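Asker: As input, take model_39.txt (compact mmCIF, C-alpha atoms):
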# COMPACT_ATOMS: atom_id res chain seq x y z
CA MET A 215 3.49 45.31 -6.33
CA THR A 216 4.34 41.94 -4.85
CA GLU A 217 1.87 39.50 -3.40
CA ARG A 218 0.66 40.55 -0.04
CA ARG A 219 1.97 38.70 2.98
CA ASP A 220 -0.75 37.01 4.95
CA SER A 221 -0.50 37.08 8.71
CA ILE A 222 0.91 33.97 10.37
CA GLY A 223 -2.43 33.33 11.99
CA LEU A 224 -4.21 33.31 8.64
CA VAL A 225 -1.60 30.95 7.14
CA VAL A 226 -1.97 28.53 10.06
CA THR A 227 -5.76 28.67 9.94
CA ARG A 228 -5.79 27.98 6.22
CA GLY A 229 -3.22 25.22 6.68
CA PHE A 230 -5.58 23.53 9.13
CA ALA A 231 -8.44 24.11 6.72
CA ILE A 232 -6.53 22.21 4.01
CA ALA A 233 -5.83 19.38 6.45
CA GLY A 234 -9.50 19.40 7.45
CA VAL A 235 -10.68 19.11 3.86
CA ALA A 236 -8.23 16.23 3.37
CA LEU A 237 -9.60 14.56 6.49
CA VAL A 238 -13.18 14.77 5.23
CA VAL A 239 -12.29 13.60 1.71
CA GLY A 240 -10.09 10.81 3.09
CA LEU A 241 -12.71 9.60 5.57
CA THR A 242 -15.37 9.53 2.87
CA HIS A 243 -13.05 7.67 0.51
CA ALA A 244 -12.11 5.22 3.27
CA MET A 245 -15.78 4.48 3.95
CA VAL A 246 -16.58 3.59 0.34
CA SER A 247 -13.43 1.51 -0.11
CA LYS A 248 -12.80 -2.09 0.75
CA VAL A 249 -9.25 -1.69 1.94
CA SER A 250 -8.40 -3.93 4.84
CA VAL A 251 -5.23 -4.69 6.73
CA THR A 252 -6.35 -7.66 8.75
CA ALA A 253 -6.49 -11.17 7.40
CA ASP A 254 -9.76 -11.78 9.27
CA ASP A 255 -11.36 -8.79 7.54
CA ALA A 256 -10.09 -10.09 4.23
CA ARG A 257 -11.74 -13.43 4.85
CA ALA A 258 -14.95 -11.77 6.02
CA THR A 259 -15.03 -9.60 2.89
CA ARG A 260 -14.53 -12.65 0.73
CA ALA A 261 -17.23 -14.60 2.56
CA ALA A 262 -19.67 -11.69 2.25
CA GLU A 263 -18.96 -11.43 -1.48
CA LEU A 264 -19.57 -15.13 -1.95
CA ALA A 265 -22.82 -14.96 0.04
CA MET A 266 -24.00 -12.14 -2.22
CA VAL A 267 -23.20 -14.14 -5.35
CA VAL A 268 -25.12 -17.09 -3.97
CA ASP A 269 -28.12 -14.90 -3.05
CA GLU A 270 -28.18 -13.31 -6.50
CA ALA A 271 -27.96 -16.65 -8.22
CA ALA A 272 -30.77 -18.02 -6.06
CA GLU A 273 -32.97 -15.01 -6.89
CA VAL A 274 -32.34 -15.42 -10.60
CA LEU A 275 -33.28 -19.08 -10.42
CA GLU A 276 -36.37 -18.42 -8.31
CA SER A 277 -37.65 -15.76 -10.67
CA ALA A 278 -37.17 -18.04 -13.66
CA PRO A 279 -40.43 -19.28 -15.30
CA THR A 280 -39.65 -22.88 -14.43
CA ALA A 281 -39.11 -22.09 -10.80
CA GLY A 282 -40.80 -25.27 -9.71
CA ASP A 283 -38.29 -27.44 -11.58
CA VAL A 284 -35.17 -25.72 -10.46
CA GLY A 285 -35.97 -25.64 -6.78
CA GLY A 286 -33.53 -28.44 -6.25
CA ASP A 287 -30.88 -26.69 -8.30
CA VAL A 288 -30.91 -23.67 -6.07
CA ASP A 289 -29.84 -25.87 -3.20
CA ALA A 290 -27.26 -27.59 -5.32
CA LEU A 291 -25.86 -24.23 -6.33
CA ALA A 292 -25.88 -22.76 -2.85
CA MET A 293 -24.37 -25.68 -1.02
CA PRO A 294 -20.89 -25.89 -2.54
CA ALA A 295 -20.57 -22.13 -2.70
CA GLU A 296 -21.35 -21.78 0.99
CA SER A 297 -18.84 -24.37 1.99
CA ASP A 298 -16.34 -22.45 -0.16
CA GLY A 299 -16.80 -19.40 2.03
CA LEU A 300 -14.38 -19.94 4.85
CA GLY A 301 -13.19 -23.47 4.68
CA ALA A 302 -12.28 -23.79 1.01
CA GLY A 303 -9.72 -26.49 0.59
CA ASN A 304 -10.27 -27.71 4.11
CA THR A 305 -12.87 -30.23 3.05
CA PRO A 306 -12.12 -33.86 3.84
CA GLU A 307 -11.74 -34.75 0.15
CA SER A 308 -9.01 -32.22 -0.58
CA ALA A 309 -7.17 -33.05 2.62
CA GLU A 310 -7.20 -36.68 1.66
CA ALA A 311 -5.96 -35.90 -1.82
CA VAL A 312 -2.98 -33.98 -0.53
CA VAL A 313 -2.06 -36.55 2.06
CA GLY A 314 -2.41 -39.23 -0.56
CA VAL A 315 0.25 -37.62 -2.71
CA ASP A 316 2.52 -37.38 0.28
CA GLY A 317 2.46 -41.12 0.59
CA ASP A 318 5.73 -41.59 -1.28
CA ALA A 319 7.46 -38.70 0.44
CA GLY A 320 7.65 -40.97 3.46
CA GLY A 321 7.32 -41.11 7.23
CA SER A 322 6.50 -37.95 9.08
CA ILE A 323 5.52 -36.08 5.95
CA ALA A 324 2.78 -38.51 5.03
CA ALA A 325 1.37 -38.25 8.53
CA MET A 326 1.10 -34.48 8.32
CA ASP A 327 -2.37 -33.07 7.67
CA PHE A 328 -1.72 -30.03 5.52
CA SER A 329 -5.36 -29.00 5.60
CA ALA A 330 -4.99 -28.17 9.28
CA LEU A 331 -2.04 -25.82 8.81
CA GLY A 332 -2.32 -22.46 10.52
CA GLU A 333 -1.75 -19.09 8.97
CA GLU A 334 1.85 -19.04 10.11
CA ILE A 335 3.87 -22.19 9.61
CA THR A 336 7.23 -23.52 10.69
CA LEU A 337 10.36 -24.57 8.82
CA GLU A 338 9.42 -28.25 9.17
CA GLU A 339 5.94 -27.71 7.79
CA THR A 340 7.32 -25.70 4.89
CA HIS A 341 9.89 -28.37 4.14
CA ALA A 342 7.23 -31.06 4.20
CA LEU A 343 4.95 -29.09 1.90
CA ILE A 344 7.73 -28.45 -0.61
CA ALA A 345 8.78 -32.10 -0.47
CA SER A 346 5.19 -33.06 -1.29
CA GLY A 347 5.40 -30.94 -4.44
CA GLU A 348 1.72 -30.01 -4.02
CA VAL A 349 2.22 -26.37 -3.13
CA HIS A 350 2.79 -22.92 -4.57
CA VAL A 351 5.82 -21.22 -3.05
CA ILE A 352 6.06 -17.44 -3.22
CA ASP A 353 9.15 -15.38 -2.52
CA ALA A 354 8.08 -11.92 -1.35
CA ARG A 355 11.58 -10.43 -1.09
CA THR A 356 13.28 -8.16 -3.60
CA ARG A 357 14.15 -9.37 -7.08
CA ASP A 358 17.89 -9.25 -6.33
CA GLU A 359 17.47 -11.35 -3.21
CA PHE A 360 15.44 -13.86 -5.23
CA VAL A 361 18.14 -14.13 -7.90
CA GLU A 362 20.80 -14.69 -5.22
CA GLY A 363 18.92 -17.69 -3.87
CA HIS A 364 15.41 -18.88 -3.17
CA LEU A 365 13.47 -21.94 -2.03
CA PRO A 366 13.22 -24.59 -4.75
CA GLY A 367 10.20 -24.05 -6.97
CA ALA A 368 9.52 -20.57 -5.58
CA MET A 369 8.02 -17.84 -7.74
CA TRP A 370 8.97 -14.21 -7.26
CA LEU A 371 5.79 -12.32 -6.37
CA PRO A 372 6.22 -9.35 -4.00
CA ALA A 373 3.20 -7.52 -2.56
CA ASP A 374 3.75 -4.38 -4.62
CA GLN A 375 3.13 -6.40 -7.78
CA LEU A 376 -0.32 -7.41 -6.52
CA GLY A 377 -1.89 -3.95 -6.58
CA SER A 378 -5.21 -3.02 -8.04
CA GLY A 379 -3.87 -2.86 -11.59
CA ASP A 380 -2.78 -5.61 -13.96
CA LYS A 381 -1.49 -8.67 -12.18
CA PRO A 382 1.81 -10.23 -13.23
CA MET A 383 2.06 -13.60 -14.94
CA ALA A 384 3.15 -15.28 -11.70
CA PHE A 385 -0.21 -14.44 -10.09
CA TYR A 386 -2.09 -16.36 -12.77
CA MET A 387 0.01 -19.45 -12.09
CA LEU A 388 -1.64 -19.79 -8.67
CA THR A 389 -4.54 -22.21 -8.31
CA TYR A 390 -7.20 -22.37 -5.64
CA GLU A 391 -6.62 -26.12 -5.19
CA LEU A 392 -3.10 -26.03 -3.79
CA PRO A 393 -1.88 -24.40 -0.58
CA ILE A 394 0.34 -21.35 -0.94
CA VAL A 395 3.45 -20.78 1.15
CA ILE A 396 4.83 -17.25 1.27
CA TYR A 397 8.13 -16.27 2.81
CA CYS A 398 10.44 -13.27 3.02
CA GLY A 399 13.60 -12.51 4.95
CA GLY A 400 12.33 -13.66 8.34
CA GLY A 401 12.45 -11.51 11.46
CA ASP A 402 10.65 -8.23 11.10
CA CYS A 403 9.86 -8.53 7.44
CA GLU A 404 6.20 -7.83 6.72
CA ALA A 405 6.42 -8.63 3.01
CA SER A 406 5.03 -12.16 3.23
CA HIS A 407 2.09 -11.04 5.38
CA ASN A 408 1.34 -8.33 2.85
CA VAL A 409 1.27 -10.89 0.03
CA ALA A 410 -0.90 -13.19 2.16
CA THR A 411 -3.42 -10.39 2.76
CA ARG A 412 -3.54 -9.68 -0.99
CA LEU A 413 -4.07 -13.32 -1.87
CA LEU A 414 -6.80 -13.71 0.77
CA LEU A 415 -8.58 -10.78 -0.84
CA GLU A 416 -8.27 -12.56 -4.17
CA GLY A 417 -9.94 -15.60 -2.66
CA PHE A 418 -6.94 -17.81 -1.99
CA GLU A 419 -7.93 -19.23 1.37
CA ARG A 420 -5.04 -21.62 1.89
CA THR A 421 -2.27 -19.10 2.27
CA HIS A 422 0.45 -19.78 4.80
CA VAL A 423 3.33 -17.60 5.89
CA PHE A 424 6.64 -19.33 6.53
CA LEU A 425 7.52 -17.00 9.38
CA ASP A 426 11.25 -17.60 9.77
CA GLY A 427 11.78 -17.20 6.06
CA TYR A 428 14.75 -17.66 3.81
CA PRO A 429 17.53 -17.36 6.46
CA ALA A 430 16.04 -20.25 8.49
CA TRP A 431 15.77 -22.38 5.35
CA VAL A 432 19.46 -21.79 4.55
CA ASP A 433 20.54 -22.34 8.16
CA ALA A 434 18.78 -25.71 8.15
CA GLY A 435 20.97 -26.71 5.20
CA HIS A 436 18.06 -27.23 2.82
CA GLU A 437 18.52 -27.01 -0.91
CA VAL A 438 18.13 -23.60 -2.58
CA SER A 439 17.74 -22.53 -6.20
CA VAL A 440 19.61 -19.66 -7.78
CA GLY A 441 18.79 -17.36 -10.68
CA PRO A 442 15.94 -15.21 -11.95
CA ASP A 443 12.32 -16.31 -12.15
CA PRO A 444 11.59 -17.35 -15.78
CA LEU A 445 8.03 -16.01 -15.38
CA TRP A 446 9.44 -12.52 -15.17
CA GLU A 447 11.73 -12.74 -18.19
CA GLY A 448 11.58 -9.79 -20.51
CA GLU A 449 10.26 -7.41 -17.88
CA MET B 85 15.48 41.24 -5.14
CA ARG B 86 11.77 40.90 -5.69
CA ALA B 87 12.47 39.00 -8.93
CA ILE B 88 14.73 36.53 -7.13
CA ALA B 89 12.09 35.90 -4.47
CA GLY B 90 9.50 35.43 -7.19
CA VAL B 91 11.61 32.83 -8.98
CA ILE B 92 12.53 30.98 -5.79
CA GLY B 93 8.87 30.90 -4.80
CA LEU B 94 7.80 29.67 -8.23
CA VAL B 95 10.44 26.92 -8.53
CA SER B 96 10.05 25.68 -4.94
CA ARG B 97 6.29 25.54 -5.00
CA VAL B 98 6.08 23.79 -8.39
CA LEU B 99 8.74 21.19 -7.47
CA LEU B 100 7.13 20.52 -4.11
CA GLY B 101 3.64 20.51 -5.61
CA VAL B 102 4.57 18.01 -8.33
CA ALA B 103 6.37 15.74 -5.83
CA PHE B 104 3.31 15.79 -3.54
CA CYS B 105 0.83 15.19 -6.36
CA VAL B 106 2.84 12.26 -7.68
CA ALA B 107 3.35 10.74 -4.21
CA GLY B 108 -0.31 11.24 -3.27
CA GLY B 109 -1.62 10.05 -6.64
CA ILE B 110 0.36 6.81 -6.51
CA LYS B 111 -0.86 6.10 -2.99
CA ILE B 112 -4.51 6.89 -3.62
CA GLU B 113 -4.49 4.67 -6.69
CA ASP B 114 -3.45 1.70 -4.56
CA PRO B 115 -4.62 2.40 -0.99
CA GLN B 116 -4.21 -1.26 -0.04
CA SER B 117 -0.44 -1.02 -0.56
CA PHE B 118 -0.18 2.18 1.43
CA ALA B 119 -2.31 0.78 4.25
CA GLU B 120 0.05 -2.19 4.43
CA SER B 121 3.04 0.16 4.42
CA ILE B 122 1.56 2.03 7.37
CA LYS B 123 0.95 -1.28 9.12
CA GLY B 124 4.54 -2.30 8.38
CA PHE B 125 5.83 0.80 10.14
CA LYS B 126 4.23 -0.57 13.34
CA ILE B 127 3.60 2.91 14.71
CA VAL B 128 -0.15 2.53 14.78
CA PRO B 129 -0.99 -0.63 16.79
CA ALA B 130 -2.08 -3.44 14.47
CA HIS B 131 -5.44 -3.85 16.25
CA ALA B 132 -6.34 -0.26 15.42
CA SER B 133 -6.89 -1.27 11.82
CA GLU B 134 -9.50 1.48 11.26
CA VAL B 135 -6.89 4.11 12.10
CA ILE B 136 -4.51 2.51 9.60
CA VAL B 137 -7.12 2.40 6.85
CA VAL B 138 -8.27 5.99 7.45
CA SER B 139 -4.67 7.26 7.46
CA ALA B 140 -4.11 5.41 4.20
CA PHE B 141 -6.73 7.68 2.62
CA VAL B 142 -6.31 10.95 4.51
CA LEU B 143 -2.54 11.29 4.05
CA PRO B 144 -2.57 10.85 0.24
CA TRP B 145 -5.53 13.23 -0.13
CA MET B 146 -3.70 15.77 1.98
CA GLU B 147 -0.69 15.42 -0.31
CA ILE B 148 -2.81 15.79 -3.44
CA ILE B 149 -4.77 18.80 -2.19
CA ALA B 150 -1.64 20.57 -0.91
CA GLY B 151 0.20 19.63 -4.14
CA VAL B 152 -2.50 21.06 -6.42
CA LEU B 153 -2.75 24.26 -4.37
CA LEU B 154 1.05 24.64 -4.55
CA ILE B 155 1.16 24.11 -8.32
CA ILE B 156 -1.54 26.66 -9.07
CA GLY B 157 -0.16 28.94 -6.37
CA LEU B 158 -3.41 29.41 -4.49
CA TRP B 159 -3.05 29.56 -0.71
CA ALA B 160 0.56 28.59 -1.36
CA ARG B 161 1.81 29.41 2.13
CA PRO B 162 -0.91 27.44 3.97
CA ALA B 163 -0.41 24.56 1.53
CA ALA B 164 3.34 24.65 2.16
CA LEU B 165 2.64 24.63 5.88
CA THR B 166 0.41 21.55 5.54
CA ALA B 167 3.09 19.91 3.38
CA ALA B 168 5.76 20.74 5.95
CA GLY B 169 3.58 19.26 8.69
CA SER B 170 3.13 15.99 6.86
CA LEU B 171 6.85 15.88 6.00
CA VAL B 172 7.72 16.28 9.67
CA ILE B 173 5.37 13.38 10.45
CA PHE B 174 6.97 11.26 7.70
CA ILE B 175 10.50 12.06 8.89
CA GLY B 176 9.49 11.15 12.44
CA ALA B 177 8.01 7.87 11.22
CA ILE B 178 11.13 6.96 9.21
CA TRP B 179 13.37 7.89 12.10
CA SER B 180 11.32 5.74 14.49
CA VAL B 181 11.57 2.78 12.11
CA MET B 182 15.34 3.20 11.87
CA TYR B 183 15.63 3.66 15.63
CA ARG B 184 13.83 0.35 16.17
CA GLU B 185 16.17 -1.25 13.61
CA MET B 186 13.28 -2.63 11.60
CA SER B 187 13.63 -3.47 7.96
CA VAL B 188 10.71 -2.05 5.98
CA LYS B 189 10.23 -0.51 2.59
CA CYS B 190 9.25 3.12 2.23
CA GLY B 191 5.73 3.61 0.91
CA CYS B 192 6.69 7.21 0.15
CA PHE B 193 6.11 6.99 -3.59
CA GLY B 194 4.25 3.68 -3.61
CA LYS B 195 6.21 1.07 -5.48
CA LEU B 196 8.33 3.70 -7.18
CA SER B 197 11.51 4.69 -5.42
CA PRO B 198 12.79 7.47 -7.64
CA PHE B 199 15.49 8.70 -5.31
CA CYS B 200 16.07 6.08 -2.64
CA GLU B 201 16.52 2.40 -3.50
CA GLY B 202 15.86 -0.48 -1.15
CA GLU B 203 14.95 -0.26 2.48
CA LEU B 204 14.26 2.78 4.59
CA GLY B 205 17.34 4.64 5.62
CA MET B 206 19.00 8.01 5.89
CA CYS B 207 18.42 8.54 2.16
CA ASN B 208 14.67 8.76 2.77
CA ILE B 209 15.22 11.27 5.54
CA TYR B 210 17.46 13.41 3.29
CA GLN B 211 14.84 13.18 0.56
CA ASN B 212 12.17 14.47 2.93
CA LEU B 213 14.49 17.16 4.30
CA VAL B 214 14.98 18.47 0.74
CA LEU B 215 11.20 18.61 0.32
CA LEU B 216 10.93 20.28 3.73
CA GLY B 217 13.47 22.87 2.50
CA LEU B 218 11.25 23.58 -0.52
CA ALA B 219 8.25 24.00 1.79
CA ALA B 220 10.27 26.39 3.96
CA ALA B 221 11.21 28.39 0.84
CA VAL B 222 7.55 28.76 -0.13
CA LEU B 223 6.69 29.77 3.44
CA GLY B 224 9.50 32.33 3.40
CA PHE B 225 9.30 33.72 -0.13
CA GLY B 226 5.63 33.16 -0.88
CA ALA B 227 4.11 31.70 -4.00
CA GLY B 228 6.27 33.70 -6.43
CA PHE B 229 5.58 34.33 -10.11
CA TRP B 230 2.67 32.82 -12.06
CA SER B 231 0.61 32.10 -8.99
CA LEU B 232 -2.97 32.93 -8.14
CA ASP B 233 -1.77 34.38 -4.81
CA TRP B 234 0.54 36.75 -6.73
CA ARG B 235 -2.24 37.89 -9.04
CA ALA B 236 -4.62 38.41 -6.13
CA GLY B 237 -1.96 40.40 -4.28
CA ARG B 238 -1.27 42.58 -7.32
CA ARG B 239 -4.93 43.32 -7.83
CA ARG B 240 -5.44 44.31 -4.22
CA GLY B 241 -2.19 46.22 -4.18
CA ALA B 242 -3.23 48.27 -7.21
CA ALA B 243 -6.59 49.01 -5.70
CA GLY B 244 -4.92 50.17 -2.51
CA ALA B 245 -2.41 52.34 -4.39
CA ILE B 246 -5.02 54.52 -6.01
CA GLY B 247 -6.79 54.85 -2.71
CA VAL B 248 -10.08 53.30 -3.73
CA ASP B 249 -10.37 51.15 -0.65
CA PRO B 250 -7.24 50.81 1.47
CA SER B 251 -8.88 48.27 3.78
CA ALA B 252 -9.21 45.84 0.86
CA ARG B 253 -5.47 45.23 1.11
CA ASP B 254 -5.90 43.29 4.30
CA ALA B 255 -9.28 41.85 3.55
Let me see the structure of the file written as structure tokens.
Answerer:
Amino acid sequence: MTERRDSIGLVVTRGFAIAGVALVVGLTHAMVSKVSVTADDARATRAAELAMVVDEAAEVLESAPTAGDVGGDVDALAMPAESDGLGAGNTPESAEAVVGVDGDAGGSIAAMDFSALGEEITLEETHALIASGEVHVIDARTRDEFVEGHLPGAMWLPADQLGSGDKPMAFYMLTYELPIVIYCGGGDCEASHNVATRLLLEGFERTHVFLDGYPAWVDAGHEVSVGPDPLWEGE
Amino acid sequence: MRAIAGVIGLVSRVLLGVAFCVAGGIKIEDPQSFAESIKGFKIVPAHASEVIVVSAFVLPWMEIIAGVLLIIGLWARPAALTAAGSLVIFIGAIWSVMYREMSVKCGCFGKLSPFCEGELGMCNIYQNLVLLGLAAAVLGFGAGFWSLDWRAGRRRGAAGAIGVDPSARDA
């Protein structure tokens, strides 16, 4: 006795049934998840999260016995958090601070307002940022490419290391105060945009993608560093 | 002859099932990565972000469900058909990326690339063709030994043989 052979029609029907179940499970899972592939969505998610935190904090303070006394504090708490929502780092103070440091870098660099940088930036803007020293630079290419040569001061931090699990050491070196420049191999490479999306979800609002990437930097004759990233030693 | 078919069915469906479960499991654990992989393929227009996000969940679940069914050998042929369908889609997607001379990474096994290193290329197509071969073997030879399909078939076959209810064979 061998297993019976189902008719082709039954196999096809059941095959579609499996796909149908997957569709329902996948749709449900997609609805409860927060996955997003657009930078705008990432920002909106972040802003919504912040608004919720502020609301919760305000409720806690209002329900406190000394509600009368802390009325002012609720405002004080809400104000900075709200301004953090979308324009974090774009406040006049931080812009001034960055430009101030650029003072010694000279001429055109000092005149540049880094707080107004767009999501995608040019070679010149990247060069100016790196010259200012007040920036995190992230190389989103492969480890081998990084070892062969990278922008001075760059950390190796590809998107696949920024998953939902444990984050690598390099991630914890990032600060909210400084802008972040991410680059990959230029052209079609999506790697830097992937890293940017991840970092936006983590609340880093000042992420910039150096669109033309490493090849443009080399072509312009700028200095490069060679060798592995010390943050990844022993891995 | 029957023994050979049983072994081929068993080996093919378990290998394919494990590969699908692993691939699906890795993706469903980190849907953000897979969604970005799909976006990187630039097959779905970037403004249709809902389609990208939904695919990032449906495809891995399809792999997991088909993989589990293959491993336990229940509905093995339909599961192999579903697997073959998704493999054809994957091969088409890889081919289209290569045709457009884009440089992207395969999200096939998430960040793992057990068989193909580096960027998408012919290696990924060969890898999927091997899996497609396994799916074809299951479709052709059935679930094989140690499968729920096999047990169900034997039970019905026995019932039919002693003439209790011949129609049960095709039920």
Asker: Using all atoms listed in the file and a cut-off of 7 Å, which residues of chain B sit close to chain A? Please list them as an MDAnalysis selection string.
Answerer: chainID B and resid 114:117 119:120 124 133 137:138 141:142 145:146 161:163 165:166 186:188 195 233:234 237:238 241
Asker: Any chance you could export the current selection's C-alpha atoms as a short mmCIF file (atom, residue, chain, number, x, y, z; two decimals), in the frame of the given file?
Answerer:
data_model
loop_
_atom_site.label_atom_id
_atom_site.label_comp_id
_atom_site.auth_asym_id
_atom_site.auth_seq_id
_atom_site.Cartn_x
_atom_site.Cartn_y
_atom_site.Cartn_z
CA ASP B 114 -3.45 1.70 -4.56
CA PRO B 115 -4.62 2.40 -0.99
CA GLN B 116 -4.21 -1.26 -0.04
CA SER B 117 -0.44 -1.02 -0.56
CA ALA B 119 -2.31 0.78 4.25
CA GLU B 120 0.05 -2.19 4.43
CA GLY B 124 4.54 -2.30 8.38
CA SER B 133 -6.89 -1.27 11.82
CA VAL B 137 -7.12 2.40 6.85
CA VAL B 138 -8.27 5.99 7.45
CA PHE B 141 -6.73 7.68 2.62
CA VAL B 142 -6.31 10.95 4.51
CA TRP B 145 -5.53 13.23 -0.13
CA MET B 146 -3.70 15.77 1.98
CA ARG B 161 1.81 29.41 2.13
CA PRO B 162 -0.91 27.44 3.97
CA ALA B 163 -0.41 24.56 1.53
CA LEU B 165 2.64 24.63 5.88
CA THR B 166 0.41 21.55 5.54
CA MET B 186 13.28 -2.63 11.60
CA SER B 187 13.63 -3.47 7.96
CA VAL B 188 10.71 -2.05 5.98
CA LYS B 195 6.21 1.07 -5.48
CA ASP B 233 -1.77 34.38 -4.81
CA TRP B 234 0.54 36.75 -6.73
CA GLY B 237 -1.96 40.40 -4.28
CA ARG B 238 -1.27 42.58 -7.32
CA GLY B 241 -2.19 46.22 -4.18
#
Asker: List the spatial neighbours of segment 222-231 of chain B as a list of chain:residue names - criterion: any atom at most 8 Å away, all atoms listed in the file, same-chain residues fewer than 6 positions off excluded.
Answerer: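 Non-adjacent residues within range: A:Glu217, A:Arg219, B:Ala89, B:Gly90, B:Val91, B:Ile92, B:Gly93, B:Leu94, B:Ser96, B:Arg97, B:Leu154, B:Ile156, B:Gly157, B:Leu158, B:Ala160, B:Arg161, B:Pro162, B:Ala164, B:Leu165.
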Asker: So how many Å separate atom CA of Phe199 of chain B and atom CA of Cys398 of chain A, to one decimal?
Answerer: 24.0 Å
Asker: Counting all atoms listed in the file, which residue out of B:Ala219, B:Ile173, B:Arg235, B:Glu203 sits closest to Arg355 of chain A?
Answerer: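 Smallest separation from Arg355 of chain A among the options: B:Glu203.
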Asker: Have a look at atom CA of Glu362 of chain A and atom CA of Phe418 of chain A and let me know their distance in Å, one decimal.
Answerer: 28.1 Å
Asker: Taking all atoms listed in the file into account, which of B:Cys192, B:Ala87, B:Val98, B:Leu153 comes nearest Ile112 of chain B?
Answerer: B:Cys192
